[in-house]
$ cat input.cif   # mmCIF, C-alpha atoms
data_data
#
loop_
_atom_site.group_PDB
_atom_site.id
_atom_site.type_symbol
_atom_site.label_atom_id
_atom_site.label_comp_id
_atom_site.auth_asym_id
_atom_site.auth_seq_id
_atom_site.Cartn_x
_atom_site.Cartn_y
_atom_site.Cartn_z
ATOM 1 C CA MET N 84 -5.541 -15.630 4.037
ATOM 2 C CA SER N 85 -7.661 -12.492 4.350
ATOM 3 C CA LYS N 86 -7.788 -9.756 1.726
ATOM 4 C CA ARG N 87 -6.112 -7.412 4.208
ATOM 5 C CA SER N 88 -3.222 -9.809 4.837
ATOM 6 C CA VAL N 89 -2.749 -10.340 1.087
ATOM 7 C CA SER N 90 -2.561 -6.566 0.588
ATOM 8 C CA ALA N 91 -0.124 -6.245 3.482
ATOM 9 C CA ALA N 92 2.094 -8.931 1.953
ATOM 10 C CA GLN N 93 2.006 -7.125 -1.400
ATOM 11 C CA VAL N 94 2.963 -3.850 0.278
ATOM 12 C CA GLU N 95 5.911 -5.592 1.916
ATOM 13 C CA ILE N 96 7.042 -6.996 -1.457
ATOM 14 C CA LEU N 97 7.093 -3.492 -2.908
ATOM 15 C CA ARG N 98 8.922 -2.115 0.156
ATOM 16 C CA ALA N 99 11.534 -4.848 -0.208
ATOM 17 C CA GLY N 100 12.005 -3.837 -3.843
ATOM 18 C CA GLN N 101 12.517 -0.249 -2.743
ATOM 19 C CA ARG N 102 15.017 -1.283 -0.052
ATOM 20 C CA ASP N 103 16.890 -3.355 -2.642
ATOM 21 C CA ASN N 104 16.963 -0.316 -4.942
ATOM 22 C CA VAL N 105 14.898 -2.114 -7.603
ATOM 23 C CA PHE N 106 11.937 0.272 -7.433
ATOM 24 C CA ARG N 107 11.782 4.048 -7.244
ATOM 25 C CA GLU N 108 10.318 5.786 -4.218
ATOM 26 C CA PHE N 109 6.501 5.735 -4.059
ATOM 27 C CA ASP N 110 3.858 4.897 -1.488
ATOM 28 C CA PRO N 111 3.603 1.090 -1.614
ATOM 29 C CA THR N 112 0.114 1.101 -0.098
ATOM 30 C CA VAL N 113 -1.185 3.397 -2.838
ATOM 31 C CA MET N 114 0.548 1.309 -5.509
ATOM 32 C CA VAL N 115 -1.059 -1.894 -4.208
ATOM 33 C CA MET N 116 -4.461 -0.169 -4.242
ATOM 34 C CA ALA N 117 -3.868 0.891 -7.860
ATOM 35 C CA ILE N 118 -2.735 -2.568 -8.966
ATOM 36 C CA ARG N 119 -5.613 -4.332 -7.239
ATOM 37 C CA GLY N 120 -8.106 -1.783 -8.569
ATOM 38 C CA ALA N 121 -6.860 -2.252 -12.122
ATOM 39 C CA LEU N 122 -7.129 -6.027 -11.823
ATOM 40 C CA ASP N 123 -10.620 -5.822 -10.337
ATOM 41 C CA ALA N 124 -11.700 -3.502 -13.159
ATOM 42 C CA ALA N 125 -10.281 -5.842 -15.800
ATOM 43 C CA ILE N 126 -12.128 -8.808 -14.282
ATOM 44 C CA ALA N 127 -15.381 -6.841 -14.151
ATOM 45 C CA ARG N 128 -15.011 -5.795 -17.775
ATOM 46 C CA ALA N 129 -14.199 -9.337 -18.886
ATOM 47 C CA ALA N 130 -17.418 -10.512 -17.256
ATOM 48 C CA VAL N 131 -19.581 -8.254 -19.442
ATOM 49 C CA ASP N 132 -17.567 -7.657 -22.635
ATOM 50 C CA PRO N 133 -17.357 -10.663 -24.982
ATOM 51 C CA ASP N 134 -14.649 -8.865 -26.987
ATOM 52 C CA PHE N 135 -12.441 -8.250 -23.960
ATOM 53 C CA ASP N 136 -8.858 -9.253 -24.736
ATOM 54 C CA ALA N 137 -7.238 -10.430 -21.524
ATOM 55 C CA ALA N 138 -3.801 -10.833 -23.108
ATOM 56 C CA VAL N 139 -3.723 -7.256 -24.420
ATOM 57 C CA THR N 140 -4.992 -5.938 -21.102
ATOM 58 C CA ALA N 141 -2.387 -7.936 -19.188
ATOM 59 C CA ARG N 142 0.426 -6.558 -21.353
ATOM 60 C CA GLU N 143 -0.844 -2.991 -21.008
ATOM 61 C CA LEU N 144 -1.214 -3.226 -17.238
ATOM 62 C CA ALA N 145 2.189 -4.871 -16.850
ATOM 63 C CA ASP N 146 3.777 -2.069 -18.880
ATOM 64 C CA LEU N 147 1.871 0.593 -16.952
ATOM 65 C CA PHE N 148 2.956 -0.674 -13.539
ATOM 66 C CA ASP N 149 6.488 -1.405 -14.701
ATOM 67 C CA ARG N 150 6.827 2.228 -15.743
ATOM 68 C CA ALA N 151 5.168 3.411 -12.510
ATOM 69 C CA THR N 152 7.625 1.550 -10.295
ATOM 70 C CA ARG N 153 10.802 1.549 -12.389
ATOM 71 C CA LYS N 154 13.923 3.068 -10.947
ATOM 72 C CA GLU N 155 15.353 5.574 -13.414
ATOM 73 C CA ALA N 156 18.773 4.677 -14.766
#
$ encode --input "input.cif" --output "structure tokens"
Amino acid sequence: MSKRSVSAAQVEILRAGQRDNVFREFDPTVMVMAIRGALDAAIARAAVDPDFDAAVTARELADLFDRATRKEA
């Protein structure tokens, strides 16, 4: 599967969440770019920083993107 088709599938997942009223309105393509960019940056940092804490980073990123996509109550 190409990188482009993976991104397209991720965009469709976010659109489905919006249609199902799980996520707020946002541009799914931009959100996928942000998520993928954050993951790429974390991987790059892990490769050069022996003190990098993947678990802390994962929790922070999960919280960040949860808040960015969450539908307000």
$ atom_distance --input "input.cif" --atom1 "CA of Arg87 in chain N" --atom2 "CA of Thr152 in chain N"
21.9 Å
$ residues_around --input "input.cif" --residues "Lys154 in chain N" --least-positions-apart "2" --cutoff "9 Å" --atoms "all atoms listed in the file" --output "MDAnalysis selection string"
chainID N and resid 101 104:108 150:152 156
$ closest_residue --input "input.cif" --among "N:Ala141, N:Leu147, N:Ala91, N:Ala129" --to "Met116 in chain N" --atoms "all atoms listed in the file"
N:Ala91
$ resolve_selection --input "input.cif" --expression "the PyMOL selection byres ((chain N and resi 94) around 12)" --output "number ranges by chain"
N: 87-93, 95-101, 109-119
$ closest_residue --input "input.cif" --among "N:Ala127, N:Arg153, N:Arg102, N:Leu122" --to "Thr140 in chain N" --atoms "only C-alpha atoms"
N:Leu122
$ atom_distance --input "input.cif" --atom1 "CA of Arg128 in chain N" --atom2 "CA of Glu143 in chain N"
14.8 Å
$ atom_distance --input "input.cif" --atom1 "CA of Asp136 in chain N" --atom2 "CA of Lys86 in chain N"
26.5 Å
$ axis_aligned_box --input "input.cif" --around "range 130-142 of chain N" --padding-each-side "6 Å" --output "AutoDock Vina command-line options"
--center_x -9.6 --center_y -8.4 --center_z -22.1 --size_x 32.0 --size_y 16.9 --size_z 21.7
$ closest_residue --input "input.cif" --among "N:Met84, N:Ile126, N:Ala121, N:Val131" --to "Phe148 in chain N" --atoms "all atoms listed in the file"
N:Ala121
$ decode --input "input.cif" --residues "range 125-155 of chain N" --atoms "C-alpha atoms" --output "PDB file, in the first residue's frame"
ATOM      1  CA  ALA N 125       8.755  11.568  17.358  1.00  0.00           C
ATOM      2  CA  ILE N 126      10.497   8.779  15.436  1.00  0.00           C
ATOM      3  CA  ALA N 127      13.259  11.142  14.316  1.00  0.00           C
ATOM      4  CA  ARG N 128      13.794  12.360  17.865  1.00  0.00           C
ATOM      5  CA  ALA N 129      13.852   8.820  19.246  1.00  0.00           C
ATOM      6  CA  ALA N 130      16.604   7.974  16.774  1.00  0.00           C
ATOM      7  CA  VAL N 131      18.954  10.630  18.181  1.00  0.00           C
ATOM      8  CA  ASP N 132      17.872  11.161  21.808  1.00  0.00           C
ATOM      9  CA  PRO N 133      18.776   8.310  24.182  1.00  0.00           C
ATOM     10  CA  ASP N 134      16.526   9.862  26.849  1.00  0.00           C
ATOM     11  CA  PHE N 135      13.480   9.989  24.585  1.00  0.00           C
ATOM     12  CA  ASP N 136      10.451   8.577  26.396  1.00  0.00           C
ATOM     13  CA  ALA N 137       8.167   6.996  23.825  1.00  0.00           C
ATOM     14  CA  ALA N 138       5.421   6.249  26.352  1.00  0.00           C
ATOM     15  CA  VAL N 139       5.209   9.861  27.547  1.00  0.00           C
ATOM     16  CA  THR N 140       5.273  11.119  23.974  1.00  0.00           C
ATOM     17  CA  ALA N 141       2.546   8.680  22.951  1.00  0.00           C
ATOM     18  CA  ARG N 142       0.301   9.813  25.810  1.00  0.00           C
ATOM     19  CA  GLU N 143       0.893  13.486  25.027  1.00  0.00           C
ATOM     20  CA  LEU N 144       0.199  13.062  21.320  1.00  0.00           C
ATOM     21  CA  ALA N 145      -2.899  10.965  21.980  1.00  0.00           C
ATOM     22  CA  ASP N 146      -4.225  13.659  24.321  1.00  0.00           C
ATOM     23  CA  LEU N 147      -3.354  16.418  21.859  1.00  0.00           C
ATOM     24  CA  PHE N 148      -5.175  14.805  18.942  1.00  0.00           C
ATOM     25  CA  ASP N 149      -8.085  13.694  21.101  1.00  0.00           C
ATOM     26  CA  ARG N 150      -8.630  17.311  22.113  1.00  0.00           C
ATOM     27  CA  ALA N 151      -8.152  18.493  18.510  1.00  0.00           C
ATOM     28  CA  THR N 152     -10.846  16.188  17.153  1.00  0.00           C
ATOM     29  CA  ARG N 153     -13.257  15.905  20.082  1.00  0.00           C
ATOM     30  CA  LYS N 154     -16.844  16.908  19.580  1.00  0.00           C
ATOM     31  CA  GLU N 155     -17.854  19.358  22.298  1.00  0.00           C
TER      32      GLU N 155
END
